[in-house]
Every structure is written in C-alpha cells, then in structure tokens.
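Read through the structure below, which is laid out as structure tokens, and then see the notes.
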Amino acid sequence: MKVIDKLENLEIWDLIDKSNKIHLQTHGKIISIERALFLSWWCEKGDCAFCYMRTQKPKIDDPKKARRSINSILAEAELCRRLNWNIEFLAGGYGAFNTAEIKNLSKKIQEITGQSLWLNIGITQELEEYGKEIAGITGAVEVANPKLHEQICPSKPLEDIVNMLYLARDLGFKTGMTIILGLGETPQDLEFLFNMIKKLKIQRLTFYSLNPQKGTPYENRPSPASLYYAGTVAATRIKFPDLELICGTWIDNLANIGPLILSGANGLTKFPLFKMFGSHYGKRLEEEVFWSGRTLKGTFTNYDSLLDDSKSPAEIEPLIKRYIDKCLNNKS
Ligand code: SF4
C-alpha cells in the first residue's frame with residue numbers, strides 16, 4: 001500500500017515504525033536544533049492567509065522601522081554558534097532588505113559561524129549575486145496543492161517559486177522548501193508535495209504546523225493533530241530516505257517532539273530561544289530527545305556554553321550580553 005494511503009487509513013504506527021528504521025540506517029541518532037534568523041517584521045506582500053505579517057502590515061507605516069538591526073542578528077548568530085545550534089536560514093518578509101544587504105549580512109554571519117548560510121527570503125531571480133556565503137535557497141511553498149496555494153498565498157505564485165528553485169539548482173545551490181500543515185490540505189495532497197520534491201531534487205524540507213494567528217482567517221482553526229503531523233513526516237521519510245527533514249513545533253506543543261523524531265526528523269525548529277533556554281521548556285525539549293533514543297547536538301540548558309565569549313566580535317558584545325541576561329532570567 002502507498003504511504004499516502006496508509007496515512008489516510010490511519011496506519012500511523014506502521015508508518016512511524018518503518019520510517020524510524022529507515023531514518024536510523026540513513027541518518028543515525030543526531031538531532032539538531034535549528035534557528036531561523038529573522039530580518040524584519042515587515043512583508044510587502046502581507047496577504048498570506050495564515051501569516052502574522054498580514055496583521056502587522058497595516059500597522060507599519062515605514063518598513064525600515066520594522067527591520068532588525070544588523071548587530072542584533074549577528075549577536076543571535078553568535079549565540080547559535082556558542083550553543084552548537086544550526087542556523088536554519090536567514091528569513092524575512094519581502095521588501096525588507098535588498099540583495100546586496102542580504103549578501104553582506106550573510107558574509108558576516110558566515111565569519112561568525114564558519115558555515116555558509118541558507119536563505120528563505122522570498123521569490124527572487126537575483127540569485128546570481130550570491131556566492132560561497134550561501135549554501136542553499138529555500139522556497140516557502142507552504143501548501144503544495146496548487147489550488148489551495150493560490151487561495152492561501154495569492155501574491156507568491158507556485159510557478160515563480162518553482163522557477164526560482166530551478167535557477168538555484170542551475171547555479172549550484174542546494175534547494176529546500178517549507179510546508180505548513182493544517183492549512184486545509186488532505187493526506188492525498190502529499191502527492192503534490194512528493195512530485196515537487198522529486199522534480200526539483202529538493203535536499204531539505206521544513207515542516208511547520210499551523211499556529212493560528214489572531215486577526216487572520218485561521219484564527220479559530222486548530223493546529224494539526226500530533227499523529228497526523230507525525231504520520232505525514234513518516235510518509236515523507238519513507239518516500240525520501242536521504243532528504244533532510246526539519247520539523248517545527250511550538251512551545252505549547254512540545255509533546256510533538258518525540259513522535260516527530262521517531263517519524264524521521266533530523267532537526268527541530270521554531271522555538272523561542274530567550275523564553276525557553278534553561279527553563280523547564282528547554283529541559284523538556286532535551287527530555288523529548290532523550291526519550292526518543294536520540295542525541296541532541298547542542299544544548300538548551302547549558303549556561304556554560306552560553307557564557308563562552310572567546311570569539312565574539314566587540315561591536316555585538318552589548319547585544320550578546322542583553323540576550324544572555326534574558327536567558328539567565330530563566331535560571332531557577
Ligand atoms: S510572503 Fe511570507 S512573510 Fe509575506 S505574508 Fe506571505 S508568508 Fe507572510
């Protein structure tokens with residue numbers, strides 16, 4: 001039986017059992033913590049039905065004021081280095097930073113982490129401007145069913161995302177996509193997603209679950225059920241054993257973590273660093289990984305790692321200190 005039919009027939013444990021074995025053979029036991037570095041609270045599209053930016057656009061008269069300072073982004077990158085977290089990508093709404101600015105910032109982040117960076121900055125054809133500071137390009141697909149996509153993300157056509165990813169591949173970048181579960185898709189819609197992964201030779205996929213935002217059409221919709229989420233990840237892992245799978249879950253859904261790991265997640269994302277670090281939430285994340293029989297790369301609890309300042313550039317030191325102070329507030 002096809003994995004999609006198994007998901008539809010609620011054969012979730014069967015899917016998870018199989019995907020866990022495939023995952024361990026192919027990827028081993030390491031689980032990473034992934035951190036998206038955000039550029040701004042502004043997006044000139046601002047009309048995707050689920051998105052928080054949709055609620056912010058009318059309130060922001062000057063987009064420049066919604067940009068984060070470069071030093072605060074660099075300070076966060078430095079904290080990721082200290083904690084041994086991966087930077088998932090640099091992410092931002094449309095129109096906040098231009099290509100030259102993103103390239104410069106990426107180089108500075110690369111100097112801090114020693115790693116080239118993935119981008120998730122919207123549809124662009126200016127990829128030729130980027131060089132070795134960039135490892136991969138992410139297409140924020142969100143929903144792979146074309147009809148649903150048109151309704152939910154009217155200003156970022158699927159075709160344009162696909163064309164950008166083809167261009168990225170032609171230029172030698174890796175390619176990734178993001179998908180949000182809970183937007184109204186069905187298990188059979190996985191066929192659209194699987195076709196895209198195959199066609200575009202996608203190397204990394206991030207799954208998120210709907211976080212209903214006040215003031216959006218999804219305000220009163222539930223987040224997807226934990227076993228639907230896990231079953232979807234498991235079906236994807238079985239179908240694509242080599243794919244890097246990142247799974248996002250929210251601070252109020254930490255119990256998703258164990259099932260997502262057993263379903264084939266390589267990494268976990270979407271956590272509020274300063275609220276969680278060292279708190280019972282951070283400890284819970286580490287417990288979830290432990291009880292899944294995996295080993296966490298990096299830490300959500302070790303203050304000694306946080307306080308290692310051997311490599312921090314002087315100009316970002318005050319911001320690093322401010323962020324560390326926030327984390328120290330969680331210490332009990
Ligand atoms: S393009 Fe991205 S940031 Fe802008 S509204 Fe849509 S999902 Fe939100």
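Just so we're on the same page: first chain in the structure tokens is A, next is B, and so on; residues restart at 1 for each chain, and ligands are numbered from 1 in the order they show up.
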**Request:** Run DSSP on the backbone and grab whatever in segment 119-323 of chain A lands in strand (DSSP E); send it over as an MDAnalysis selection string.
**Result:** chainID A and resid 119:120 134:142 174:181 204:209 244:248 267:269 295:297
Next, write the just-selected residues to a file, as an mmCIF file, in the first residue's frame, keeping N, CA and C atoms as the atom set.
```cif
data_model
loop_
_atom_site.group_PDB
_atom_site.id
_atom_site.type_symbol
_atom_site.label_atom_id
_atom_site.label_comp_id
_atom_site.auth_asym_id
_atom_site.auth_seq_id
_atom_site.Cartn_x
_atom_site.Cartn_y
_atom_site.Cartn_z
ATOM 1 N N LEU A 119 19.174 30.589 2.603
ATOM 2 C CA LEU A 119 18.277 31.754 2.571
ATOM 3 C C LEU A 119 16.833 31.308 2.424
ATOM 4 N N ASN A 120 15.941 32.060 3.072
ATOM 5 C CA ASN A 120 14.494 31.904 2.863
ATOM 6 C C ASN A 120 13.915 33.314 2.833
ATOM 7 N N ILE A 134 26.535 31.483 0.535
ATOM 8 C CA ILE A 134 25.206 30.878 0.518
ATOM 9 C C ILE A 134 25.292 29.393 0.156
ATOM 10 N N ALA A 135 24.673 28.554 1.015
ATOM 11 C CA ALA A 135 24.678 27.107 0.749
ATOM 12 C C ALA A 135 23.442 26.699 -0.044
ATOM 13 N N GLY A 136 22.308 27.265 0.308
ATOM 14 C CA GLY A 136 21.080 26.790 -0.323
ATOM 15 C C GLY A 136 19.979 27.841 -0.328
ATOM 16 N N ILE A 137 19.004 27.593 -1.179
ATOM 17 C CA ILE A 137 17.870 28.510 -1.350
ATOM 18 C C ILE A 137 16.595 27.746 -0.988
ATOM 19 N N THR A 138 15.764 28.413 -0.190
ATOM 20 C CA THR A 138 14.523 27.783 0.262
ATOM 21 C C THR A 138 13.327 28.443 -0.411
ATOM 22 N N GLY A 139 12.443 27.624 -0.919
ATOM 23 C CA GLY A 139 11.186 28.128 -1.466
ATOM 24 C C GLY A 139 10.092 27.958 -0.411
ATOM 25 N N ALA A 140 9.460 29.067 -0.028
ATOM 26 C CA ALA A 140 8.417 28.996 1.002
ATOM 27 C C ALA A 140 7.095 28.603 0.331
ATOM 28 N N VAL A 141 6.972 27.313 0.070
ATOM 29 C CA VAL A 141 5.814 26.800 -0.671
ATOM 30 C C VAL A 141 4.560 26.848 0.208
ATOM 31 N N GLU A 142 4.692 26.490 1.442
ATOM 32 C CA GLU A 142 3.624 26.464 2.466
ATOM 33 C C GLU A 142 2.562 25.402 2.206
ATOM 34 N N LYS A 174 22.102 24.393 -3.111
ATOM 35 C CA LYS A 174 21.166 23.364 -2.657
ATOM 36 C C LYS A 174 19.765 23.966 -2.656
ATOM 37 N N THR A 175 18.757 23.103 -2.606
ATOM 38 C CA THR A 175 17.392 23.644 -2.610
ATOM 39 C C THR A 175 16.567 23.026 -1.487
ATOM 40 N N GLY A 176 15.709 23.856 -0.927
ATOM 41 C CA GLY A 176 14.827 23.412 0.147
ATOM 42 C C GLY A 176 13.442 24.026 0.003
ATOM 43 N N MET A 177 12.515 23.523 0.774
ATOM 44 C CA MET A 177 11.153 24.074 0.763
ATOM 45 C C MET A 177 10.615 24.093 2.195
ATOM 46 N N THR A 178 9.626 24.964 2.424
ATOM 47 C CA THR A 178 8.887 24.920 3.688
ATOM 48 C C THR A 178 7.423 24.602 3.401
ATOM 49 N N ILE A 179 6.828 23.820 4.279
ATOM 50 C CA ILE A 179 5.420 23.423 4.162
ATOM 51 C C ILE A 179 4.760 23.617 5.532
ATOM 52 N N ILE A 180 3.573 24.172 5.536
ATOM 53 C CA ILE A 180 2.822 24.302 6.798
ATOM 54 C C ILE A 180 1.667 23.311 6.769
ATOM 55 N N LEU A 181 1.583 22.469 7.775
ATOM 56 C CA LEU A 181 0.466 21.524 7.856
ATOM 57 C C LEU A 181 -0.678 22.153 8.649
ATOM 58 N N ARG A 204 16.322 19.586 1.308
ATOM 59 C CA ARG A 204 15.909 19.848 2.689
ATOM 60 C C ARG A 204 14.467 20.347 2.721
ATOM 61 N N LEU A 205 13.698 19.744 3.604
ATOM 62 C CA LEU A 205 12.285 20.139 3.723
ATOM 63 C C LEU A 205 11.992 20.483 5.173
ATOM 64 N N THR A 206 11.372 21.646 5.369
ATOM 65 C CA THR A 206 10.945 22.017 6.719
ATOM 66 C C THR A 206 9.426 21.926 6.789
ATOM 67 N N PHE A 207 8.948 21.134 7.732
ATOM 68 C CA PHE A 207 7.507 21.089 8.018
ATOM 69 C C PHE A 207 7.240 21.984 9.225
ATOM 70 N N TYR A 208 6.198 22.792 9.112
ATOM 71 C CA TYR A 208 5.691 23.530 10.269
ATOM 72 C C TYR A 208 4.259 23.086 10.503
ATOM 73 N N SER A 209 3.756 23.362 11.709
ATOM 74 C CA SER A 209 2.330 23.137 11.936
ATOM 75 C C SER A 209 1.669 24.500 12.126
ATOM 76 N N GLU A 244 16.810 15.763 4.048
ATOM 77 C CA GLU A 244 16.956 16.335 5.380
ATOM 78 C C GLU A 244 15.592 16.888 5.798
ATOM 79 N N LEU A 245 15.105 16.437 6.928
ATOM 80 C CA LEU A 245 13.762 16.843 7.373
ATOM 81 C C LEU A 245 13.857 17.638 8.670
ATOM 82 N N ILE A 246 13.390 18.864 8.615
ATOM 83 C CA ILE A 246 13.351 19.712 9.814
ATOM 84 C C ILE A 246 11.880 19.845 10.214
ATOM 85 N N CYS A 247 11.601 19.734 11.492
ATOM 86 C CA CYS A 247 10.206 19.822 11.945
ATOM 87 C C CYS A 247 10.046 20.942 12.963
ATOM 88 N N GLY A 248 9.089 21.788 12.699
ATOM 89 C CA GLY A 248 8.812 22.894 13.621
ATOM 90 C C GLY A 248 7.641 22.545 14.517
ATOM 91 N N GLY A 267 16.074 17.510 12.472
ATOM 92 C CA GLY A 267 16.268 18.706 13.286
ATOM 93 C C GLY A 267 14.940 19.260 13.747
ATOM 94 N N LEU A 268 15.015 20.094 14.797
ATOM 95 C CA LEU A 268 13.812 20.683 15.396
ATOM 96 C C LEU A 268 13.931 22.193 15.336
ATOM 97 N N THR A 269 12.806 22.857 15.092
ATOM 98 C CA THR A 269 12.877 24.308 14.936
ATOM 99 C C THR A 269 11.628 24.980 15.483
ATOM 100 N N THR A 295 20.404 11.646 20.241
ATOM 101 C CA THR A 295 21.379 12.506 20.902
ATOM 102 C C THR A 295 21.241 13.919 20.351
ATOM 103 N N LEU A 296 21.091 14.873 21.254
ATOM 104 C CA LEU A 296 20.922 16.258 20.810
ATOM 105 C C LEU A 296 22.280 16.881 20.514
ATOM 106 N N LYS A 297 22.388 17.486 19.324
ATOM 107 C CA LYS A 297 23.580 18.282 19.004
ATOM 108 C C LYS A 297 23.288 19.684 19.535
#
```
Report the closest atom pair, with its distance in Å rounded to one decimal, for each residue of chain A that has an atom no farther than 8 Å from ligand 1; count only C-alpha atoms and all ligand atoms, sort by chain and then rising residue number, and write it as CSV.
```
residue,atom,partner,partner_atom_place_in_ligand_line,distance
A:Trp42,CA,ligand 1,3 (S),7.3
A:Cys43,CA,ligand 1,4 (Fe),4.7
A:Glu44,CA,ligand 1,4 (Fe),6.6
A:Lys45,CA,ligand 1,4 (Fe),5.0
A:Gly46,CA,ligand 1,5 (S),3.6
A:Asp47,CA,ligand 1,5 (S),4.8
A:Cys48,CA,ligand 1,6 (Fe),4.2
A:Ala49,CA,ligand 1,5 (S),7.6
A:Phe50,CA,ligand 1,7 (S),7.4
A:Cys51,CA,ligand 1,8 (Fe),4.7
A:Tyr52,CA,ligand 1,8 (Fe),6.6
A:Met53,CA,ligand 1,8 (Fe),5.2
A:Arg54,CA,ligand 1,5 (S),5.5
A:Gly92,CA,ligand 1,3 (S),6.5
A:Gly93,CA,ligand 1,3 (S),4.1
A:Tyr94,CA,ligand 1,4 (Fe),6.0
A:Gly122,CA,ligand 1,1 (S),6.5
A:Ala140,CA,ligand 1,2 (Fe),7.2
A:Glu142,CA,ligand 1,7 (S),7.9
A:Cys153,CA,ligand 1,6 (Fe),6.2
A:Ser155,CA,ligand 1,1 (S),7.2
A:Lys156,CA,ligand 1,1 (S),6.5
```
**Request:** Between A:Lys103, A:Lys57, A:Arg35, A:Lys108, single out the one closest to Asn84 of chain A, counting only C-alpha atoms.
**Result:** A:Arg35
**Request:** Can you pull out every residue within 10 Å of Ser106 of chain A, counting only C-alpha atoms, but drop anything in the same chain fewer than 4 positions away, and send it as a VMD selection string?
**Result:** chain A and resid 74 89 to 90 100 to 102 110 to 112 115 to 119 130 132 to 134
**Asked** Trp291 of chain A: which residues within 9 Å, counting only C-alpha atoms, same-chain residues fewer than 4 positions away excluded, as a PyMOL selection string?
**Response** chain A and resi 258+286-287
Output file for the residues above (C-alpha atoms, as a CSV table (one decimal), in the first residue's frame):
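Result file follows (result-v4.csv):
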```csv
chain,number,residue,atom,x,y,z
A,258,GLY,CA,9.1,12.6,20.4
A,286,GLU,CA,16.0,17.8,25.9
A,287,GLU,CA,13.9,15.2,27.7
```
Residue neighbourhood Ala234 of chain A, 9 Å, only C-alpha atoms, exclusion window fewer than 4 positions, as a PDB file with N, CA and C atoms, in the first residue's frame:
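Dumped everything to around.pdb:
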```
ATOM      1  N   VAL A   3       2.331   4.921   0.837  1.00  0.00           N
ATOM      2  CA  VAL A   3       2.407   5.576   2.159  1.00  0.00           C
ATOM      3  C   VAL A   3       1.269   6.582   2.350  1.00  0.00           C
ATOM      4  N   ILE A  12      -0.853   4.896  11.289  1.00  0.00           N
ATOM      5  CA  ILE A  12       0.228   5.812  11.666  1.00  0.00           C
ATOM      6  C   ILE A  12       1.403   5.066  12.306  1.00  0.00           C
ATOM      7  N   LEU A  15       3.533   3.364   9.821  1.00  0.00           N
ATOM      8  CA  LEU A  15       4.386   4.320   9.103  1.00  0.00           C
ATOM      9  C   LEU A  15       5.579   4.732   9.974  1.00  0.00           C
ATOM     10  N   ILE A  16       5.296   5.039  11.247  1.00  0.00           N
ATOM     11  CA  ILE A  16       6.375   5.524  12.121  1.00  0.00           C
ATOM     12  C   ILE A  16       7.418   4.422  12.351  1.00  0.00           C
ATOM     13  N   ASP A  17       6.941   3.208  12.568  1.00  0.00           N
ATOM     14  CA  ASP A  17       7.868   2.092  12.808  1.00  0.00           C
ATOM     15  C   ASP A  17       8.825   1.930  11.618  1.00  0.00           C
ATOM     16  N   LYS A  18       8.252   1.979  10.419  1.00  0.00           N
ATOM     17  CA  LYS A  18       9.078   1.801   9.224  1.00  0.00           C
ATOM     18  C   LYS A  18      10.026   2.990   9.033  1.00  0.00           C
ATOM     19  N   SER A  19       9.495   4.202   9.197  1.00  0.00           N
ATOM     20  CA  SER A  19      10.325   5.387   8.932  1.00  0.00           C
ATOM     21  C   SER A  19      11.455   5.497   9.966  1.00  0.00           C
ATOM     22  N   ASN A  20      11.180   5.099  11.207  1.00  0.00           N
ATOM     23  CA  ASN A  20      12.223   5.165  12.239  1.00  0.00           C
ATOM     24  C   ASN A  20      13.401   4.267  11.854  1.00  0.00           C
ATOM     25  N   TYR A 229       0.502  14.940  12.013  1.00  0.00           N
ATOM     26  CA  TYR A 229       1.798  15.570  11.722  1.00  0.00           C
ATOM     27  C   TYR A 229       2.877  14.478  11.632  1.00  0.00           C
ATOM     28  N   ALA A 230       2.931  13.619  12.669  1.00  0.00           N
ATOM     29  CA  ALA A 230       3.964  12.573  12.689  1.00  0.00           C
ATOM     30  C   ALA A 230       3.804  11.629  11.496  1.00  0.00           C
ATOM     31  N   ILE A 238       9.827   7.807   4.534  1.00  0.00           N
ATOM     32  CA  ILE A 238       9.852   6.505   3.839  1.00  0.00           C
ATOM     33  C   ILE A 238      10.059   6.732   2.332  1.00  0.00           C
ATOM     34  N   LYS A 239       9.372   7.716   1.819  1.00  0.00           N
ATOM     35  CA  LYS A 239       9.444   8.003   0.379  1.00  0.00           C
ATOM     36  C   LYS A 239      10.811   8.582  -0.008  1.00  0.00           C
ATOM     37  N   LEU A 260       7.686  13.172  16.362  1.00  0.00           N
ATOM     38  CA  LEU A 260       8.301  13.705  15.132  1.00  0.00           C
ATOM     39  C   LEU A 260       9.699  13.124  14.934  1.00  0.00           C
ATOM     40  N   LEU A 262      10.759  10.166  16.043  1.00  0.00           N
ATOM     41  CA  LEU A 262      10.619   8.763  15.628  1.00  0.00           C
ATOM     42  C   LEU A 262      10.111   8.657  14.189  1.00  0.00           C
ATOM     43  N   SER A 263       9.504   9.713  13.694  1.00  0.00           N
ATOM     44  CA  SER A 263       8.991   9.709  12.317  1.00  0.00           C
ATOM     45  C   SER A 263      10.051  10.079  11.290  1.00  0.00           C
ATOM     46  N   GLY A 264      11.210  10.570  11.761  1.00  0.00           N
ATOM     47  CA  GLY A 264      12.278  10.829  10.788  1.00  0.00           C
ATOM     48  C   GLY A 264      12.800  12.247  10.753  1.00  0.00           C
ATOM     49  N   ALA A 265      12.538  13.042  11.798  1.00  0.00           N
ATOM     50  CA  ALA A 265      13.087  14.401  11.814  1.00  0.00           C
ATOM     51  C   ALA A 265      14.597  14.356  12.039  1.00  0.00           C
TER      52      ALA A 265
END
```
